[in-house]
$ cat data_15.cif   # mmCIF, C-alpha atoms and all ligand atoms
data_my_file
#
loop_
_atom_site.label_atom_id
_atom_site.label_comp_id
_atom_site.auth_asym_id
_atom_site.auth_seq_id
_atom_site.Cartn_x
_atom_site.Cartn_y
_atom_site.Cartn_z
CA MET A 226 0.00 0.00 0.00
CA ASP A 227 2.87 2.37 0.85
CA LYS A 228 4.40 1.70 -2.56
CA LEU A 229 1.12 2.39 -4.32
CA LEU A 230 0.71 5.71 -2.50
CA HIS A 231 4.28 6.64 -3.41
CA VAL A 232 3.63 5.90 -7.08
CA LEU A 233 0.56 8.19 -6.93
CA LEU A 234 2.72 11.01 -5.57
CA SER A 235 5.13 10.68 -8.48
CA LEU A 236 2.48 10.95 -11.21
CA PRO A 237 1.56 14.18 -13.01
CA ASP A 238 -1.69 15.83 -11.90
CA GLU A 239 -3.52 15.22 -15.20
CA MET A 240 -2.87 11.50 -14.88
CA ILE A 241 -4.13 11.44 -11.30
CA TRP A 242 -7.37 13.18 -12.37
CA GLY A 243 -7.70 10.57 -15.14
CA ILE A 244 -7.12 7.64 -12.76
CA PHE A 245 -9.70 8.95 -10.27
CA LEU A 246 -12.27 9.54 -13.03
CA VAL A 247 -11.78 6.03 -14.41
CA GLU A 248 -11.99 4.62 -10.88
CA ASN A 249 -15.30 6.40 -10.17
CA VAL A 250 -16.82 5.43 -13.54
CA LEU A 251 -15.73 1.79 -13.14
CA LEU A 252 -17.24 1.61 -9.65
CA THR A 253 -20.49 3.08 -10.99
CA PHE A 254 -20.67 0.39 -13.68
CA VAL A 255 -19.84 -2.32 -11.13
CA VAL A 256 -22.72 -1.10 -8.94
CA LEU A 257 -25.17 -0.91 -11.88
CA TYR A 258 -24.08 -4.33 -13.14
CA ALA A 259 -24.37 -5.89 -9.67
CA GLY A 260 -27.83 -4.33 -9.35
CA ALA A 261 -28.87 -5.80 -12.71
CA LEU A 262 -27.54 -9.24 -11.65
CA VAL A 263 -29.45 -9.18 -8.35
CA LEU A 264 -32.66 -8.12 -10.10
CA ARG A 265 -32.22 -10.82 -12.73
CA GLY A 266 -31.64 -13.37 -9.95
CA LEU A 267 -34.97 -12.28 -8.46
CA ASN A 268 -36.67 -12.60 -11.85
CA ARG A 269 -37.10 -8.87 -12.23
CA GLY A 270 -36.54 -7.25 -15.60
CA ALA A 271 -33.56 -4.93 -16.04
CA TYR A 272 -34.15 -1.17 -16.00
CA VAL A 273 -33.59 0.87 -19.11
CA TYR A 274 -32.27 4.23 -17.99
CA THR A 275 -33.16 7.45 -19.77
CA ARG A 276 -30.65 9.85 -21.36
CA ARG A 277 -31.42 12.35 -18.60
CA GLU A 278 -30.60 9.76 -15.91
CA TRP A 279 -27.29 8.88 -17.61
CA LEU A 280 -26.47 12.59 -17.82
CA ILE A 281 -27.11 13.21 -14.10
CA CYS A 282 -25.20 10.02 -13.25
CA GLY A 283 -22.29 11.34 -15.36
CA ILE A 284 -22.30 14.69 -13.53
CA THR A 285 -22.30 12.86 -10.17
CA ASN A 286 -19.28 10.85 -11.35
CA VAL A 287 -17.38 14.00 -12.32
CA LEU A 288 -18.16 15.57 -8.92
CA ASN A 289 -17.16 12.39 -7.09
CA THR A 290 -13.87 12.59 -9.00
CA VAL A 291 -13.43 16.15 -7.71
CA VAL A 292 -14.02 14.85 -4.15
CA THR A 293 -11.53 11.99 -4.70
CA TYR A 294 -8.92 14.43 -5.99
CA GLY A 295 -9.72 16.76 -3.06
CA GLY A 296 -8.95 13.91 -0.67
CA PHE A 297 -5.70 13.19 -2.49
CA TRP A 298 -4.70 16.87 -2.41
CA LEU A 299 -5.48 17.15 1.33
CA TRP A 300 -3.43 14.00 2.02
CA LYS A 301 -0.53 15.20 -0.15
CA HIS A 302 -0.42 18.50 1.72
CA GLY A 303 -0.65 16.91 5.16
CA PHE A 304 -4.25 17.88 6.02
CA ILE A 305 -5.38 14.25 5.96
CA GLY A 306 -3.29 11.61 7.70
CA ILE A 307 -3.51 7.93 6.76
CA ARG A 308 -2.12 4.88 8.57
CA THR A 309 -1.09 2.17 6.15
CA THR A 310 -0.25 -0.82 8.34
CA PHE A 311 -2.67 -3.71 8.16
CA SER A 312 -3.69 -4.41 11.74
CA TRP A 313 -6.69 -5.19 13.96
CA ASN A 314 -7.31 -1.48 14.58
CA LEU A 315 -8.85 -1.20 11.14
CA LEU A 316 -12.07 -2.56 12.69
CA PRO A 317 -12.62 0.20 15.28
CA ASP A 318 -11.58 2.72 12.60
CA PHE A 319 -14.16 1.24 10.25
CA LEU A 320 -16.88 1.38 12.91
CA ILE A 321 -16.10 5.03 13.67
CA LEU A 322 -16.25 5.94 9.95
CA PHE A 323 -19.43 3.89 9.44
CA LEU A 324 -21.37 5.34 12.39
CA SER A 325 -20.04 8.91 12.03
CA MET A 326 -20.92 9.10 8.34
CA ASP A 327 -24.32 7.56 9.10
CA LEU A 328 -24.94 10.30 11.70
CA LEU A 329 -23.59 13.15 9.52
CA MET A 330 -25.64 12.02 6.53
CA TYR A 331 -28.71 11.52 8.74
CA LEU A 332 -28.46 15.14 9.97
CA PHE A 333 -27.81 16.54 6.48
CA HIS A 334 -30.60 14.41 4.99
CA PHE A 335 -33.04 15.59 7.70
CA LEU A 336 -32.03 19.21 7.06
CA ILE A 337 -32.61 19.01 3.30
CA HIS A 338 -36.03 17.47 3.89
CA LYS A 339 -37.28 19.94 6.46
CA THR A 340 -36.20 23.23 4.88
CA PHE A 341 -36.47 25.10 1.55
CA LEU A 342 -33.50 22.94 0.49
CA TYR A 343 -35.89 20.10 -0.29
CA GLY A 344 -37.36 21.80 -3.36
CA MET A 345 -34.00 23.22 -4.41
CA ILE A 346 -31.82 20.16 -3.94
CA HIS A 347 -33.32 16.92 -2.74
CA ARG A 348 -36.58 16.69 -4.75
CA LEU A 349 -34.56 15.39 -7.71
CA HIS A 350 -33.56 12.23 -5.82
CA HIS A 351 -37.17 11.75 -4.71
CA GLU A 352 -38.58 11.71 -8.23
CA ALA A 353 -38.19 7.95 -7.74
CA ILE A 354 -41.01 6.62 -5.53
CA ASP A 355 -39.81 3.06 -6.22
CA PRO A 356 -36.05 3.43 -6.57
CA LYS A 357 -33.81 1.69 -9.09
CA PRO A 358 -30.03 1.16 -8.85
CA MET A 359 -29.07 4.27 -10.81
CA ASP A 360 -30.98 6.45 -8.32
CA LEU A 361 -27.93 6.08 -6.08
CA PHE A 362 -26.28 8.52 -8.51
CA ILE A 363 -29.34 10.68 -9.26
CA LEU A 364 -28.33 13.44 -6.90
CA HIS A 365 -28.25 17.23 -7.09
CA PRO A 366 -24.65 18.53 -7.46
CA VAL A 367 -24.95 20.35 -4.09
CA GLU A 368 -25.94 17.06 -2.46
CA THR A 369 -23.02 15.15 -3.99
CA MET A 370 -20.53 17.83 -2.95
CA SER A 371 -22.01 18.06 0.57
CA PHE A 372 -21.70 14.32 1.14
CA GLY A 373 -18.14 14.48 -0.22
CA GLY A 374 -17.33 17.49 1.95
CA MET A 375 -18.55 15.74 5.11
CA TRP A 376 -16.47 12.69 4.20
CA LEU A 377 -13.26 14.70 3.70
CA ALA A 378 -13.90 16.74 6.87
CA LEU A 379 -14.21 13.51 8.85
CA LEU A 380 -10.93 12.17 7.38
CA MET A 381 -9.17 15.39 8.45
CA LEU A 382 -10.05 14.78 12.12
CA TYR A 383 -7.99 11.66 12.67
CA PRO A 384 -5.47 9.46 10.77
CA PHE A 385 -7.70 6.52 9.89
CA ASN A 386 -6.35 3.18 8.66
CA ILE A 387 -6.36 2.99 4.84
CA TYR A 388 -7.92 -0.50 4.93
CA ALA A 389 -10.74 0.81 7.13
CA ILE A 390 -11.28 3.61 4.58
CA LEU A 391 -11.39 1.14 1.66
CA LEU A 392 -13.72 -1.19 3.58
CA TYR A 393 -16.01 1.75 4.43
CA LEU A 394 -16.11 2.91 0.79
CA THR A 395 -17.03 -0.62 -0.33
CA VAL A 396 -19.72 -0.98 2.33
CA ASN A 397 -21.06 2.47 1.36
CA LEU A 398 -21.62 1.24 -2.21
CA VAL A 399 -23.23 -2.01 -1.02
CA PHE A 400 -25.73 -0.11 1.17
CA GLY A 401 -26.30 2.48 -1.55
CA LEU A 402 -27.16 -0.23 -4.05
CA ALA A 403 -29.26 -2.21 -1.54
CA GLY A 404 -31.34 0.87 -0.73
CA HIS A 405 -32.10 1.50 -4.41
CA LEU A 406 -32.84 -2.03 -5.64
CA GLY A 407 -36.58 -1.35 -5.57
CA ILE A 408 -37.08 -4.79 -4.06
CA GLU A 409 -36.06 -6.58 -0.83
CA PRO A 410 -33.59 -9.34 -1.77
CA LEU A 411 -33.25 -10.76 1.78
CA PRO A 412 -35.16 -13.95 2.51
CA GLU A 413 -38.23 -13.47 4.73
CA ARG A 414 -36.64 -15.26 7.73
CA TRP A 415 -33.71 -12.81 7.77
CA ARG A 416 -35.77 -9.65 7.60
CA HIS A 417 -36.87 -9.76 11.22
CA SER A 418 -33.48 -10.70 12.68
CA ALA A 419 -31.99 -8.15 15.08
CA PHE A 420 -29.03 -7.64 12.73
CA VAL A 421 -31.19 -6.61 9.79
CA ARG A 422 -33.52 -4.52 11.96
CA TRP A 423 -30.57 -2.41 13.14
CA LEU A 424 -29.08 -2.07 9.67
CA GLY A 425 -30.55 -0.15 6.78
CA SER A 426 -32.03 -2.85 4.54
CA SER A 427 -33.42 -2.32 1.05
CA THR A 428 -36.90 -1.96 2.56
CA PHE A 429 -35.62 0.69 4.99
CA HIS A 430 -34.54 3.15 2.26
CA HIS A 431 -37.31 2.10 -0.14
CA ASP A 432 -39.77 3.10 2.61
CA HIS A 433 -38.08 6.51 2.78
CA HIS A 434 -38.73 7.02 -0.95
CA ARG A 435 -42.40 6.14 -0.37
CA ASP A 436 -42.80 8.14 2.85
CA VAL A 437 -40.45 11.13 3.04
CA GLU A 438 -41.25 11.78 6.73
CA HIS A 439 -39.35 8.72 7.94
CA ASN A 440 -36.08 6.75 7.67
CA PHE A 441 -33.44 9.45 7.12
CA GLY A 442 -30.51 7.17 7.99
CA PHE A 443 -28.46 5.30 5.40
CA TYR A 444 -26.53 2.41 6.91
CA THR A 445 -28.30 1.86 10.21
CA THR A 446 -31.64 2.50 11.87
CA VAL A 447 -29.79 3.76 14.99
CA TRP A 448 -30.23 7.50 14.42
CA ASP A 449 -33.85 7.15 13.29
CA ARG A 450 -34.54 5.22 16.50
CA ILE A 451 -32.80 7.84 18.67
CA PHE A 452 -34.51 10.82 16.98
CA GLY A 453 -37.91 9.10 16.63
CA THR A 454 -38.12 9.11 12.83
CA LEU A 455 -38.12 5.37 12.19
CA LYS A 456 -41.09 4.08 10.21
ZN ZN B 501 -34.64 11.85 1.20
ZN ZN B 502 -32.63 7.12 -2.19
#

$ encode --input "data_15.cif" --output "structure tokens"
Amino acid sequence: MDKLLHVLLSLPDEMIWGIFLVENVLLTFVVLYAGALVLRGLNRGAYVYTRREWLICGITNVLNTVVTYGGFWLWKHGFIGIRTTFSWNLLPDFLILFLSMDLLMYLFHFLIHKTFLYGMIHRLHHEAIDPKPMDLFILHPVETMSFGGMWLALLMLYPFNIYAILLYLTVNLVFGLAGHLGIEPLPERWRHSAFVRWLGSSTFHHDHHRDVEHNFGFYTTVWDRIFGTLK
């Protein structure tokens, strides 16, 4: 990992922008492809996305690339510290990132629902009453940059383990896709287990698209339980 980071430092800026753009676009296609596979496995037809949806998804990818480069720039200039040794402490680091981002996004999400910001920013994402995988990327630019800004601000607070960061980013995509499948893929017997009830399942975020007064969390139901907004 150290070597990889060193190679990044030696590359020209244009190449780094290119690498981050390709990385974001590839991850988007992986998520959309995984979503299509899950839906096919559940005997649901694949979605055909409109030109407008592809365009918004493209803009989100460009902005996510700006956030990725922002993180790189902050790390290069010493504003973000990263620990690169693979050790057990990646688990507490992961849990801190997971729960902190869940709380920050809960608060931001609540704010954009309860103020004039809803019409200006968040209504776009809520055009989908029954979400589909690409809705994970159907976000207003202000929303995308705000989520990215919160993420980078959190990374500036403490030198997290790089493996915890990568694990968090992967889990973030898994939950993002799960919430926008438009269907609950978990077998009935799992749905009522304590584990699933405390985590944000597909149904949890789908219910938020159907009833915008509830379920503002993303990864867990913890903050909705604490603040009394759980459906
Ligand atoms: Zn919402
Ligand atoms: Zn959504």

$ atom_distance --input "data_15.cif" --atom1 "atom CA of A:Lys357" --atom2 "atom CA of A:Gly407"
5.4 Å

$ closest_atom_pairs --input "data_15.cif" --of "chain A" --to "ligand ZN 502 (chain B)" --cutoff "7 Å" --atoms "all atoms listed in the file" --output "CSV"
residue,atom,partner,partner_atom,distance
A:His350,CA,B:ZN502,ZN,6.3
A:His351,CA,B:ZN502,ZN,7.0
A:Pro356,CA,B:ZN502,ZN,6.7
A:Asp360,CA,B:ZN502,ZN,6.4
A:Leu361,CA,B:ZN502,ZN,6.2
A:Gly404,CA,B:ZN502,ZN,6.5
A:His405,CA,B:ZN502,ZN,6.1
A:His430,CA,B:ZN502,ZN,6.3
A:His434,CA,B:ZN502,ZN,6.2

$ closest_atom_pairs --input "data_15.cif" --of "chain A" --to "ligand ZN 501 (chain B)" --cutoff "8 Å" --atoms "all atoms listed in the file" --output "Markdown table"
| residue | atom | partner | partner_atom | distance |
| --- | --- | --- | --- | --- |
| A:His334 | CA | B:ZN501 | ZN | 6.1 |
| A:Phe335 | CA | B:ZN501 | ZN | 7.7 |
| A:Ile337 | CA | B:ZN501 | ZN | 7.7 |
| A:His338 | CA | B:ZN501 | ZN | 6.4 |
| A:His347 | CA | B:ZN501 | ZN | 6.6 |
| A:Arg348 | CA | B:ZN501 | ZN | 7.9 |
| A:His350 | CA | B:ZN501 | ZN | 7.1 |
| A:His351 | CA | B:ZN501 | ZN | 6.4 |
| A:His433 | CA | B:ZN501 | ZN | 6.5 |
| A:His434 | CA | B:ZN501 | ZN | 6.7 |
| A:Val437 | CA | B:ZN501 | ZN | 6.1 |
| A:Phe441 | CA | B:ZN501 | ZN | 6.5 |

$ atom_distance --input "data_15.cif" --atom1 "atom CA of A:Phe372" --atom2 "atom CA of A:Ile321"
16.6 Å

$ residues_around --input "data_15.cif" --residues "A:Leu252" --least-positions-apart "5" --cutoff "9 Å" --atoms "all atoms listed in the file" --output "NGL selection string"
:A and (247 or 257 or 398)

$ write_last_selection --input "data_15.cif" --atoms "C-alpha atoms" --output "JSON list (two decimals), in the coordinates of the input"
[["chain", "number", "residue", "atom", "x", "y", "z"],
["A", 247, "VAL", "CA", -11.78, 6.03, -14.41],
["A", 257, "LEU", "CA", -25.17, -0.91, -11.88],
["A", 398, "LEU", "CA", -21.62, 1.24, -2.21]]

$ closest_residue --input "data_15.cif" --among "A:Asp327, A:Asp318, A:Asp227, A:Asp436" --to "A:Asp355" --atoms "all atoms listed in the file"
A:Asp436

$ residues_near_point --input "data_15.cif" --point "(-14.0, -0.6, 5.0)" --cutoff "10 Å" --atoms "all atoms listed in the file" --output "VMD selection string"
chain A and resid 315 to 316 318 to 320 322 to 323 386 to 397

$ closest_residue --input "data_15.cif" --among "A:Met226, A:Leu411, A:Gly425, A:Phe385" --to "A:Arg308" --atoms "all atoms listed in the file"
A:Phe385

$ atom_distance --input "data_15.cif" --atom1 "atom CA of A:Tyr294" --atom2 "atom CA of A:Leu280"
21.2 Å

$ closest_residue --input "data_15.cif" --among "A:Leu329, A:Leu246, A:Val292, A:Met345" --to "A:Phe443" --atoms "all atoms listed in the file"
A:Leu329

$ residues_around --input "data_15.cif" --residues "A:Leu267" --least-positions-apart "6" --cutoff "10 Å" --atoms "all atoms listed in the file" --output "PyMOL selection string"
chain A and resi 261+408-410

$ closest_residue --input "data_15.cif" --among "A:Phe254, A:Tyr444, A:Phe452, A:Phe420" --to "A:Gly283" --atoms "all atoms listed in the file"
A:Phe254
